[in-house]
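**Q** Dropping a structure here in structure tokens format, bear with me for questions.
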Amino acid sequence: MKNPGNNIDIPELARILSGCDICAMTSNTSRGFQLSGRKAIYQVLDDLVAVLFPGCHGRNPIPAEQIRAITEKRLQTSAAALAEQIEYAFRYQCVFEQCKDCGDCALKAAKAVKRLMESLMDVRKILQEDIQAAYEGDPAARSIMEVVMSYPGVQAIMVHRIAHVLYQEHVPLIPRIMSEYSHSQTGIDIHPGAMIGPGFFIDHGTGVVIGETTTIGRRVKLYQGVTLGALSFPKDADGNPIKGIKRHPDVQDDVTIYAGATILGGETVIGTGSEIGGNVWLTHSVPPHSKVYNQQPKPLITNKHS
Amino acid sequence: MKNPGNNIDIPELARILSGCDICAMTSNTSRGFQLSGRKAIYQVLDDLVAVLFPGCHGRNPIPAEQIRAITEKRLQTSAAALAEQIEYAFRYQCVFEQCKDCGDCALKAAKAVKRLMESLMDVRKILQEDIQAAYEGDPAARSIMEVVMSYPGVQAIMVHRIAHVLYQEHVPLIPRIMSEYSHSQTGIDIHPGAMIGPGFFIDHGTGVVIGETTTIGRRVKLYQGVTLGALSFPKDADGNPIKGIKRHPDVQDDVTIYAGATILGGETVIGTGSEIGGNVWLTHSVPPHSKVYNQQPKPLITNKHS
Amino acid sequence: MKNPGNNIDIPELARILSGCDICAMTSNTSRGFQLSGRKAIYQVLDDLVAVLFPGCHGRNPIPAEQIRAITEKRLQTSAAALAEQIEYAFRYQCVFEQCKDCGDCALKAAKAVKRLMESLMDVRKILQEDIQAAYEGDPAARSIMEVVMSYPGVQAIMVHRIAHVLYQEHVPLIPRIMSEYSHSQTGIDIHPGAMIGPGFFIDHGTGVVIGETTTIGRRVKLYQGVTLGALSFPKDADGNPIKGIKRHPDVQDDVTIYAGATILGGETVIGTGSEIGGNVWLTHSVPPHSKVYNQQPKPLITNKHS
């Protein structure tokens with residue numbers, strides 16, 4: 001079957017598929033702006049991570065004498081690409097919200113990029129504390145470089161700290177595309193809105209969910225499958241969830257939360273120094289230095305042949 | 001060490017590795033047909049998603065005046081590549097099942113491709129309902145485009161709705177390679193056989209498993225870590241599980257299933273409008289409008305210093 | 001905004017970012033060795049998997065008459081690239097541990113590569129048993145090729161069996177980068193140190209964690225979300241976890257462990273032929289042929305309108 005198109009009218013199909021002007025999905029192509037595809041945003045993110053950790057995440061080693069020139073080139077490219085993408089994201093959001101007078105999209109984009117670039121040194125300093133926490137907290141870690149090059153929890157917090165700067169600048173779309181790219185790579189779902197202190201470590205990580213209005217203090221450690229989520233959503237008159245209110249927990253300094261624990265609610269506070277055991281389900285606050293453990297269900301053990 | 005091959009006889013190793021004619025793994029190269037590698041199938045899938053949501057998933061923005069030409073080109077390329085891959089998949093399956101007279105593989109492939117192409121408009125219409133459900137159901141969603149470009153639950157259902165059309169045409173291999181590609185990207189494991197109604201939304205998503213013979217009604221919402229699975233497998237005389245029987249649940253319209261719930265068994269029906277709480281374990285049916293909640297285990301709370 | 005760099009002093013930013021000589025993160029560029037980025041290691045791993053299963057994981061089909069030449073080429077390239085990367089990994093680890101006289105890094109790298117190359121046939125033989133176990137153990141599997149090309153559990157064990165050979169040769173960094181690459185693709189986190197017998201199958205897989213000092217016998221089957229983990233870490237005088245001691249369970253032959261079960265502790269032994277139910281939490285040994293099940297919590301079922 002050399003020509004499978006023989007019995008399909010592909011030009012007509014293309015006409016119908018591309019002519020759907022009212023689709024939300026095609027609005028990207030039918031307005032005066034042009035969002036980049038999400039792969040373009042992945043590229044910028046990869047470049048920013050490469051600037052912070054030269055040589056660790058790409059393909060080729062970077063000779064010491066070229067690092068400054070390569071860093072400068074990558075910063076130039078990322079800043080330019082990001083400014084364009086953010087401007088179009090602001091424009092899309094303006095159209096979507098039918099807002100007027102929300103400001104100059106290009107100017108807001110330039111401000112957000114400037115803010116991100118200027119915060120990169122601080123981002124790297126905090127990440128060093130995260131990396132140190134991972135190295136010290138995991139008996140399987142053999143070196144700092146192993147942590148930087150392979151740990152999914154470190155990958156997730158790298159991306160989060162970049163995306164969070166853009167979230168704080170009210171950039172639409174882009175921070176979430178960044179965090180979901182990281183979610184896809186690590187299984188760790190951190191909303192870019194979450195506020196997370198230094199020395200943060202997630203071990204293993206798959207299945208972790210950290211909601212938008214979560215706050216996390218210093219030196220907090222999570223294991224795989226932990227949820228810091230919402231208890232229920234207040235709804236508006238139409239029955240839709242109200243957006244933008246505090247609905248996720250506060251976790252204070254030096255807390256450890258073991259695998260599979262679920263902590264829910266915007267008024268839930270986990271006091272400093274607390275330890276939350278595996279599979280615990282918690283929807284209320286606990287005071288500082290609490291140890292919270294499930295009486296794990298005692299399993300029934302029988303002999304298969306008896 | 002410039003030549004590590006010095007002390008390894010690589011030609012001999014290549015001879016042994018490539019000469020293993022009886023291996024299932026090398027059968028792909030030693031018959032009269034040539035399956036493409038799985039990356040070729042990923043490419044076709046990416047192209048089909050790009051046709052449905054132009055500009056959202058690739059790298060470059062698509063100007064409005066080029067959308068029709070680009071769509072037509074992508075449809076042509078995808079249809080041709082898919083027809084070839086499906087034909088070889090049918091041929092492989094014929095050899096594997098030692099079947100005779102199961103029909104003309106090229107003809108069956110052409111029919112499956114035609115069916116998929118003709119269903120693309122319907123697939124996009126249903127996906128619009130899925131996207132709207134995600135936007136309305138998540139307080140963190142700021143725009144429709146954010147949902148389309150970043151939500152893993154939306155990515156998973158996009159791929160599923162394409163793979164399911166090929167599954168219905170009894171195409172071997174390809175639909176499962178597509179669904180596992182999506183599983184790899186999203187942590188959401190939907191077997192291409194599952195039948196899922198419109199307005200379907202999975203929030204966060206990592207760890208969700210939806211088995212082959214599951215049916216799901218309209219406007220159903222799942223959270224991360226939900227399993228719709230099998231209770232046990234009837235086995236044949238040799239002790240192997242019997243393939244092809246109903247073994248996963250039916251979930252009716254307007255059901256919400258919270259994080260970590262496990263619902264098992266081919267005779268289990270979740271009645272319309274029901275709500276299944278977090279971590280619930282359910283192996284029997286519940287009537288419409290049920291609220292099913294665990295008495296969550298009350299954790300022991302002590303003070304670390306007491 | 002055509003030039004977003006206007007108001008950002010990018011050369012100065014590049015100078016600061018690249019001048020951070022004391023950062024662990026930039027040490028890669030400022031020493032006499034040059035680690036490759038992790039993408040280079042992904043490439044070698046992809047090539048090794050392609051050698052074991054020609055045509056299944058790449059893009060293009062491989063004609064039977066070219067398989068030997070292509071295999072030889074891929075082995076040459078992989079061996080050379082791997083030898084270089086492993087040598088630099090040994091050198092990095094020497095610097096990191098400030099060791100003296102730990103041996104010739106190039107020689108140790110050559111030995112590790114030779115060992116890996118010579119074990120490839122054995123690796124493939126064991127993988128055939130793993131693949132057969134997946135095909136027989138899953139009622140949804142339609143062919144051996146479907147298992148090879150799409151099952152994440154099979155992908156994870158392929159990579160593990162390669163990474164484990166390098167771990168046994170005490171290669172730093174590289175095995176863990178390989179296993180975390182696989183974790184990222186499959187949601188299955190197997191530390192390269194784990195010892196796993198033939199006929200191993202993980203169904204669905206997302207969320208599985210298998211710790212460094214775990215041992216697993218023959219014909220073991222796991223489902224999604226199973227943890228074989230540590231109970232607690234003995235700490236040294238500084239309060240840091242002691243590295244390198246046995247802290248994960250032993251699972252004997254013919255054991256099945258269902259979804260979400262958690263088995264913890266270096267002294268925990270699951271006796272041959274046992275069956276561990278969904279969500280079971282187990283921190284002590286069970287004798288051979290045990291059936292270990294939770295009394296699943298009976299959920300409260302009410303009617304939403306009552």
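If you're wondering about the labels, chains in the structure tokens are A, B, ... by order shown, residues count from 1 in each chain, ligands from 1 in order shown.
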Enumerate, in order of chain and increasing residue number, the residues of chain A with an atom no farther than 6 Å from chain B, each with its shortest atom pair and distance in Å to one decimal, counting only C-alpha atoms, as a tab-separated table.
**A**
residue	atom	partner	partner_atom	distance
A:Met1	CA	B:Ala106	CA	5.8
A:Pro4	CA	B:Ala80	CA	5.8
A:Pro11	CA	B:Glu72	CA	5.8
A:Ala14	CA	B:Glu72	CA	4.9
A:Ser18	CA	B:Arg68	CA	5.4
A:Met25	CA	B:Phe53	CA	5.4
A:Thr29	CA	B:Ala64	CA	4.7
A:Ser30	CA	B:Ala64	CA	5.2
A:Gln34	CA	B:Pro61	CA	5.4
A:Leu35	CA	B:Pro61	CA	5.6
A:Ser36	CA	B:Pro61	CA	4.5
A:Gly37	CA	B:Cys56	CA	4.5
A:Arg38	CA	B:His57	CA	5.1
A:Lys39	CA	B:Arg59	CA	4.6
A:Ala40	CA	B:Arg59	CA	4.6
A:Leu173	CA	B:Glu146	CA	5.3
A:Ile177	CA	B:Ser150	CA	5.0
A:Glu180	CA	B:Ser150	CA	5.9
A:Ser184	CA	B:Gln185	CA	5.1
A:Gly207	CA	B:Thr206	CA	5.4
A:Pro241	CA	B:Pro139	CA	5.5
A:Lys243	CA	B:Pro139	CA	4.5
A:His289	CA	B:Lys304	CA	5.4
A:Ser290	CA	B:Asn303	CA	4.6
A:Lys291	CA	B:Thr302	CA	5.2
A:Val292	CA	B:Ile301	CA	4.5
A:Tyr293	CA	B:Leu300	CA	5.2
A:Asn294	CA	B:Pro299	CA	4.5
**Q** From a backbone DSSP assignment, name each residue in segment 71-253 of chain A labelled strand (DSSP E or B), as a PDB file with C-alpha atoms, in the first residue's frame.
**A**
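Here's the written file part-v1.pdb:
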ATOM      1  CA  ASP A 189       4.274  18.070  40.567  1.00  0.00           C
ATOM      2  CA  ILE A 190       5.145  21.408  42.178  1.00  0.00           C
ATOM      3  CA  MET A 195       6.799  29.116  48.288  1.00  0.00           C
ATOM      4  CA  ILE A 196       9.680  26.834  49.310  1.00  0.00           C
ATOM      5  CA  PHE A 201      14.975  17.734  49.492  1.00  0.00           C
ATOM      6  CA  ILE A 202      12.523  15.280  47.903  1.00  0.00           C
ATOM      7  CA  VAL A 209       2.044  16.883  44.591  1.00  0.00           C
ATOM      8  CA  ILE A 210       2.609  20.389  46.036  1.00  0.00           C
ATOM      9  CA  THR A 215       4.316  27.352  51.906  1.00  0.00           C
ATOM     10  CA  ILE A 216       7.334  25.300  53.001  1.00  0.00           C
ATOM     11  CA  LYS A 221      12.416  16.745  53.504  1.00  0.00           C
ATOM     12  CA  LEU A 222       9.715  14.873  51.600  1.00  0.00           C
ATOM     13  CA  THR A 227       0.507  15.250  48.733  1.00  0.00           C
ATOM     14  CA  LEU A 228       0.295  18.816  50.057  1.00  0.00           C
ATOM     15  CA  GLY A 229      -3.153  19.499  48.672  1.00  0.00           C
ATOM     16  CA  LYS A 235     -17.501  27.287  44.762  1.00  0.00           C
ATOM     17  CA  PRO A 241     -14.321  26.481  42.088  1.00  0.00           C
ATOM     18  CA  ASP A 250       1.867  25.542  55.557  1.00  0.00           C
ATOM     19  CA  VAL A 251       4.857  23.362  56.448  1.00  0.00           C
TER      20      VAL A 251
END
**Q** Near Pro288 of chain C, within 10 Å and counting only C-alpha atoms, which residues show up once chain neighbours fewer than 4 positions away are dropped, as JSON, numbers by chain?
**A** {"A": [303, 304], "C": [252, 253, 254, 255, 269, 270, 271, 272, 273, 274, 275]}
**Q** Separation of atom CA of Gly193 of chain B and atom CA of Tyr181 of chain A, in Å?
**A**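 About the pair atom CA of Gly193 of chain B and atom CA of Tyr181 of chain A: they are 27.1 Å apart.
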**Q** Apply DSSP to the structure's backbone, then extract all residues of segment 113-222 of chain C labelled alpha helix (DSSP H) and return them as a ChimeraX atom specification.
**A** /C:113-137,144-150,152-168,174-186
**Q** Go ahead and compute the interatomic distance for atom CA of Val280 of chain B and atom CA of Thr262 of chain B, in Å to one decimal.
**A**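 Between these atoms lies a distance of 6.2 Å.
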